[in-house]
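Asker: Got a structure for you, written out below as structure tokens; questions coming shortly.
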Amino acid sequence: MSGLGRLFGKGKKEKGPTPEEAIQKLKETEKILIKKQEFLEQKIQQELQTAKKYGTKNKRAALQALRRKKRFEQQLAQTDGTLSTLEFQREAIENATTNAEVLRTMELAAQSMKKAYQDMDIDKVDELMTDITEQQEVAQQISDAISRPMGFGDDVDEDELLEELEELEQEELAQELLNVGDKEEEPSVKLPSVPSTHLPAGPGSTALRMTVVGNPRSWSCQWLPILILLLGTGHGPGVEGVTHYKAGDPVILYVNKVGPYHNPQETYHYYQLPVCCPEKIRHKSLSLGEVLDGDRMAESLYEIRFRENVEKRILCHMQLSSAQVEQLRQAIEELYYFEFVVDDLPIRGFVGYMEESGFLPHSHKIGLWTHLDFHLEFHGDRIIFANVSVRDVKPHSLDGLRPDEFLGLTHTYSVRWSETSVERRSDRRRGDDGGFFPRTLEIHWLSIINSMVLVFLLVGFVAVILMRVLRNDLARYNLDEETTSAGSGDDFDQGDNGWKIIHTDVFRFPPYRGLLCAVLGVGAQFLALGTGIIVMALLGMFNVHRHGAINSAAILLYALTCCISGYVSSHFYRQIGGERWVWNIILTTSLFSVPFFLTWSVVNSVHWANGSTQALPATTILLLLTVWLLVGFPLTVIGGIFGKNNASPFDAPCRTKNIAREIPPQPWYKSTVIHMTVGGFLPFSAISVELYYIFATVWGREQYTLYGILFFVFAILLSVGACISIALTYFQLSGEDYRWWWRSVLSVGSTGLFIFLYSVFYYARRSNMSGAVQTVEFFGYSLLTGYVFFLMLGTISFFSSLKFIRYIYVNLKMD
């Protein structure tokens with residue numbers, strides 16, 4: 001009867017719920033669970049849509065959505081199981097109720113029969129009661145199972161999530177492929193027309209006013225994809241922009257820029273001179289690299305057709321005032337050259353002719369070239385070479401003109417075509433400009449041999465320190481430790497000296513740790529940037545016939561490598577106990593961008609004030625700022641977050657005491673200035689010869705193509721910097737000076753100062769540059785170059801010293 005008592009409350013003082021009440025509660029619970037099922041199904045669909053949304057954009061967010069979806073699916077399955085169990089229990093209670101009613105009826109019948117027949121055997125009734133009790137126990141077990149958690153584990157298979165994410169990405173990519181071509185084509189990007197400004201007659205001289213034809217236009221950029229596309233606009237890296245022509249097809253000649261021959265970065269638009277100019281100036285769409293290179297190409301009045309020769313065709317008739325003639329005279333005296341572009345081939349020539357001879361009698365003659373001979377070579381249907389010549393032309397004299405007199409000029413030109421057996425432009429030995437600029441760059445073996453010898457000596461010197469001096473130090477220190485460990489529990493203060501005695505201070509974190517970590521982060525970024533550009537050049541990804549290809553690549557790589565600076569800076573900052581990681585990221589992203597922006601602002605303002613094409617348009621400035629804001633800065637923050645989260649403890653080999661040890665007086669040859677002098681001069685001497693060729697390329701007219709040698713010299717520079725840093729750090733620690741953190745950065749980073757001093761020497765003794773425009777740009781960007789080398793080499797120096805110090809103190813036996 002115990003089962004019936006549990007069910008109906010008989011035999012107990014506290015009466016439980018009736019079977020009808022229990023069944024009603026079970027039905028209400030089922031309704032609640034059904035609503036929960038509907039809610040979970042909605043959440044599963046929402047998380048699935050979220051995973052599809054971020055499938056190809058934010059993999060981490062997509063995985064989080066799929067993980068939540070899996071959790072909801074588990075809860076849904078658990079709810080389904082609970083519902084099934086409740087239904088089974090409700091049916092069991094209903095059956096038990098029915099059996100109980102039957103039992104009552106049988107009990108009443110048995111009592112009546114017992115009264116009627118006192119001798120009646122009721123054993124069969126007891127057996128029936130036993131069966132009913134067993135049914136009630138089964139119902140109780142089912143009820144207990146409902147009250148316990150379901151056995152669906154919470155573990156989620158990551159591989160299963162990744163497979164599901166890949167399926168979602170494939171669906172999204174397939175949908176995007178189906179939608180390709182639906183969008184309207186974007187309008188082409190246009191450059192501004194020639195500004196109404198003045199052209200300096202010479203560096204540092206008084207500017208001359210001139211009239212410019214055409215209305216200024218705005219250079220607009222409407223979409224971010226176009227912004228990124230501008231970084232590589234053209235025919236692609238390494239691919240020659242060759243157009244295929246048919247006989248008689250028009251060949252467009254673009255006029256580009258003019259400027260002093262000895263000032264490569266001082267350029268002006270060709271139409272700022274009083275020359276033949278169309279009524280409406282139409283500019284060519286340029287890439288970002290070409291704009292940064294100072295190109296401003298516009299269509300000319302020259303009519304050239306493929307494989308059709310022209311003899312003495314009139315270009316235009318002009319009447320020049322005395323002011324315009326004087327402007328041309330001053331331009332010719334400053335050796336102004338012009339640059340045209342035919343099918344991406346630059347052709348250059350001088351604006352005029354100057355003859356100056358004798359002291360007594362002195363003669364000074366100025367002439368203007370009014371006739372140009374264009375020589376073009378073709379192979380099949382492609383233009384291979386283009387050049388301009390004035391060899392058989394007599395200049396028109398600009399001397400003896402009265403102030404109120406006008407000079408009448410007739411400009412003419414000739415075009416001569418010839419077929420060549422050369423199939424590709426890169427196969428020509430004369431270069432892309434027909435020899436207008438000198439070609440003196442050759443494989444300079446003396447520089448390579450000098451650098452190799454220096455590297456071998458320095459590596460051998462460091463190897464001697466590691467193998468001989470350190471071995472002796474370690475053997476002596478470890479022997480002293482074994483002999484004194486039993487007799488004294490003090491530190492190594494009894495008759496000990498050298499780098500062993502400062503083991504409790506050598507890993508004491510330095511002051512200004514946030515600035516130190518920012519220097520290391522930005523230095524690591526420029527190491528990756530420099531290596532990437534050289535490797536891309538080695539792989540032939542820069543087309544020498546496209547202007548500004550390296551400029552575009554440098555901007556794109558700088559933006560993409562910002563994550564490296566954020567990661568390295570934040571990772572090391574957290575390792576050495578930094579807490580203000582947000583301030584550290586802001587300092588890291590500003591360490592180079594702020595000095596660069598300030599320098600560029602001054603340089604660009606000078607160019608703008610002088611009307612130079614090197615001054616960037618406002619929309620180009622906004623474009624570059626957008627690249628930094630949308631790509632560079634976010635990647636710095638993302639890298640900083642990853643670096644902070646992945647940072648492990650510093651794990652110094654030696655315990656650092658709370659009280660710093662007193663540093664003994666140091667001799668003069670171990671001072672910071674001497675270390676900076678030695679540590680900066682030796683790496684500079686390893687690259688000094690190669691540095692001349694680099695300056696001749698950047699600030700001269702050379703075309704650098706020896707990228708293999710450049711990569712080798714770059715590796716030599718880093719190797720020498722690391723070796724010098726280890727040697728100087730060892731000398732510093734041997735003098736019981738544990739302040740090596742900033743010293744290691746400054747000692748080899750001072751190479752940047754030597755590079756800047758060399759730039760001053762190059763400007764004064766190796767170049768003919770002059771004038772405010774060229775001088776401001778040269779020294780401004782040379783200062784930035786030295787700063788970049790300081791960051792790169794300081795980073796290499798620091799991590800080399802850190803690795804060396806860890807090595808020697810790990811192998812030192814200490815209590």
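Residues in the structure tokens are numbered from 1 in each chain, the chains being A, B, ... in the order shown, and ligands are numbered from 1 in the order shown.
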List as JSON, numbers by chain the protein and nucleic acid residues near segment 295-303 of chain A, meaning an atom at most 7 Å away when only C-alpha atoms are counted, but skip any in the same chain fewer than 5 places from it.
Answerer: {"A": [253, 254, 255, 256, 257, 269, 277, 278, 281, 282, 283, 284, 290, 315, 613]}
Asker: Go ahead and write the selection's residues with N, CA and C atoms as a PDB file, in the first residue's frame.
Answerer:
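So part_25.pdb came out as:
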```pdb
ATOM      1  N   LEU A 253      50.654  61.734 -77.382  1.00  0.00           N
ATOM      2  CA  LEU A 253      51.834  62.225 -76.690  1.00  0.00           C
ATOM      3  C   LEU A 253      51.362  63.147 -75.571  1.00  0.00           C
ATOM      4  N   TYR A 254      51.734  62.818 -74.353  1.00  0.00           N
ATOM      5  CA  TYR A 254      51.369  63.618 -73.186  1.00  0.00           C
ATOM      6  C   TYR A 254      52.555  64.489 -72.779  1.00  0.00           C
ATOM      7  N   VAL A 255      52.271  65.766 -72.515  1.00  0.00           N
ATOM      8  CA  VAL A 255      53.279  66.619 -71.899  1.00  0.00           C
ATOM      9  C   VAL A 255      53.165  66.431 -70.395  1.00  0.00           C
ATOM     10  N   ASN A 256      54.301  66.460 -69.691  1.00  0.00           N
ATOM     11  CA  ASN A 256      54.257  66.133 -68.270  1.00  0.00           C
ATOM     12  C   ASN A 256      54.761  67.293 -67.416  1.00  0.00           C
ATOM     13  N   LYS A 257      56.059  67.489 -67.358  1.00  0.00           N
ATOM     14  CA  LYS A 257      56.588  68.468 -66.408  1.00  0.00           C
ATOM     15  C   LYS A 257      57.902  69.031 -66.921  1.00  0.00           C
ATOM     16  N   HIS A 269      54.467  72.097 -64.045  1.00  0.00           N
ATOM     17  CA  HIS A 269      53.736  71.613 -65.204  1.00  0.00           C
ATOM     18  C   HIS A 269      54.287  72.245 -66.482  1.00  0.00           C
ATOM     19  N   CYS A 277      49.889  75.444 -76.438  1.00  0.00           N
ATOM     20  CA  CYS A 277      48.961  74.841 -75.481  1.00  0.00           C
ATOM     21  C   CYS A 277      47.576  74.756 -76.114  1.00  0.00           C
ATOM     22  N   PRO A 278      46.872  73.632 -75.945  1.00  0.00           N
ATOM     23  CA  PRO A 278      45.504  73.533 -76.489  1.00  0.00           C
ATOM     24  C   PRO A 278      44.558  74.460 -75.749  1.00  0.00           C
ATOM     25  N   ILE A 281      42.610  72.061 -71.779  1.00  0.00           N
ATOM     26  CA  ILE A 281      43.608  71.085 -71.314  1.00  0.00           C
ATOM     27  C   ILE A 281      42.895  69.850 -70.763  1.00  0.00           C
ATOM     28  N   ARG A 282      43.243  68.694 -71.295  1.00  0.00           N
ATOM     29  CA  ARG A 282      42.673  67.422 -70.835  1.00  0.00           C
ATOM     30  C   ARG A 282      43.774  66.578 -70.219  1.00  0.00           C
ATOM     31  N   HIS A 283      43.569  66.235 -68.961  1.00  0.00           N
ATOM     32  CA  HIS A 283      44.575  65.488 -68.214  1.00  0.00           C
ATOM     33  C   HIS A 283      44.347  63.990 -68.327  1.00  0.00           C
ATOM     34  N   LYS A 284      45.407  63.275 -68.135  1.00  0.00           N
ATOM     35  CA  LYS A 284      45.344  61.814 -68.110  1.00  0.00           C
ATOM     36  C   LYS A 284      45.113  61.346 -66.671  1.00  0.00           C
ATOM     37  N   GLU A 290      52.072  57.938 -59.323  1.00  0.00           N
ATOM     38  CA  GLU A 290      52.457  58.965 -60.285  1.00  0.00           C
ATOM     39  C   GLU A 290      52.211  60.368 -59.729  1.00  0.00           C
ATOM     40  N   LEU A 315      53.340  73.112 -85.468  1.00  0.00           N
ATOM     41  CA  LEU A 315      52.588  72.833 -84.251  1.00  0.00           C
ATOM     42  C   LEU A 315      51.704  74.024 -83.876  1.00  0.00           C
ATOM     43  N   THR A 613      54.710  70.909 -59.100  1.00  0.00           N
ATOM     44  CA  THR A 613      53.814  69.754 -59.213  1.00  0.00           C
ATOM     45  C   THR A 613      54.054  68.731 -58.115  1.00  0.00           C
TER      46      THR A 613
END
```
Asker: In Å to one decimal, how far is atom CA of Ser285 of chain A from atom CA of His379 of chain A?
Answerer: 26.8 Å
Asker: Could you name the residues that touch Glu662 of chain A at 12 Å or less, counting only C-alpha atoms, but leaving out those on the same chain fewer than 4 positions away, as a PDB file with C-alpha atoms, in the first residue's frame?
Answerer:
```
ATOM      1  CA  ILE A 501      77.760  40.790  -9.600  1.00  0.00           C
ATOM      2  CA  ILE A 502      74.922  42.774 -11.220  1.00  0.00           C
ATOM      3  CA  THR A 504      70.092  41.105  -9.463  1.00  0.00           C
ATOM      4  CA  ASP A 505      69.841  44.408 -11.378  1.00  0.00           C
ATOM      5  CA  GLN A 666      82.812  54.432 -15.547  1.00  0.00           C
ATOM      6  CA  GLY A 735      81.905  47.544 -15.984  1.00  0.00           C
ATOM      7  CA  GLU A 736      79.002  46.667 -13.638  1.00  0.00           C
ATOM      8  CA  ASP A 737      76.676  49.074 -15.444  1.00  0.00           C
ATOM      9  CA  TYR A 738      73.275  47.404 -15.773  1.00  0.00           C
ATOM     10  CA  ARG A 739      71.547  50.264 -17.611  1.00  0.00           C
TER      11      ARG A 739
END
```
Asker: Considering only strand (DSSP E) as DSSP defines it on the backbone, what residues of segment 349-394 of chain A qualify? List them as a count of residues only.
Answerer: 31
Asker: Excluding Gln525 of chain A and residues on its chain fewer than 6 positions from it, collect all residues at most 8 Å away from it, counting only C-alpha atoms, and give them as a PyMOL selection string.
Answerer: chain A and resi 558+561-562+564-565
Asker: Keeping only N, CA, C and O atoms, write those residues as a tab-separated table (two decimals), in the first residue's frame.
Answerer:
```tsv
chain	number	residue	atom	x	y	z
A	558	TYR	N	53.18	50.06	-45.85
A	558	TYR	CA	53.20	50.74	-44.56
A	558	TYR	C	51.87	50.58	-43.84
A	558	TYR	O	51.82	50.32	-42.62
A	561	THR	N	51.53	46.89	-42.64
A	561	THR	CA	52.46	46.44	-41.60
A	561	THR	C	52.27	47.17	-40.28
A	561	THR	O	53.03	46.95	-39.34
A	562	CYS	N	51.25	48.04	-40.20
A	562	CYS	CA	50.99	48.71	-38.92
A	562	CYS	C	50.63	47.71	-37.82
A	562	CYS	O	50.83	47.97	-36.64
A	564	ILE	N	52.11	45.00	-37.24
A	564	ILE	CA	53.35	44.52	-36.65
A	564	ILE	C	53.80	45.46	-35.54
A	564	ILE	O	54.19	45.02	-34.45
A	565	SER	N	53.73	46.77	-35.79
A	565	SER	CA	54.17	47.72	-34.76
A	565	SER	C	53.27	47.62	-33.53
A	565	SER	O	53.76	47.64	-32.39
```
Asker: So that I can check the surroundings of Pro250 of chain A, please list as a VMD selection string every protein, DNA and RNA residue that reaches within 7 Å of it, counting only C-alpha atoms and ignoring chain neighbours fewer than 6 positions away.
Answerer: chain A and resid 304 to 306
Asker: Output C-alpha atoms of each residue in that selection to a file, as a JSON list (two decimals), in the first residue's frame.
Answerer:
```json
[["chain", "number", "residue", "atom", "x", "y", "z"],
["A", 304, "ILE", "CA", 51.51, 61.28, -84.18],
["A", 305, "ARG", "CA", 50.26, 58.19, -86.01],
["A", 306, "PHE", "CA", 51.72, 54.71, -85.79]]
```
Asker: Do a neighbour search on Val275 of chain A at 10 Å with only C-alpha atoms, toss out local chain neighbours closer than 6 positions, and write the hits as a PDB file with C-alpha atoms, in the first residue's frame.
Answerer:
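Here's the written file out01.pdb:
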```
ATOM      1  CA  CYS A 316      51.492  76.424 -83.541  1.00  0.00           C
ATOM      2  CA  HIS A 317      52.322  80.100 -84.067  1.00  0.00           C
ATOM      3  CA  MET A 318      53.010  82.238 -81.002  1.00  0.00           C
ATOM      4  CA  LEU A 320      55.534  86.224 -76.979  1.00  0.00           C
ATOM      5  CA  GLN A 324      57.320  85.710 -71.500  1.00  0.00           C
ATOM      6  CA  LEU A 328      61.986  81.449 -71.060  1.00  0.00           C
ATOM      7  CA  THR A 370      61.415  75.585 -81.671  1.00  0.00           C
ATOM      8  CA  LEU A 409      57.714  82.014 -83.031  1.00  0.00           C
ATOM      9  CA  HIS A 411      56.973  75.655 -83.411  1.00  0.00           C
TER      10      HIS A 411
END
```
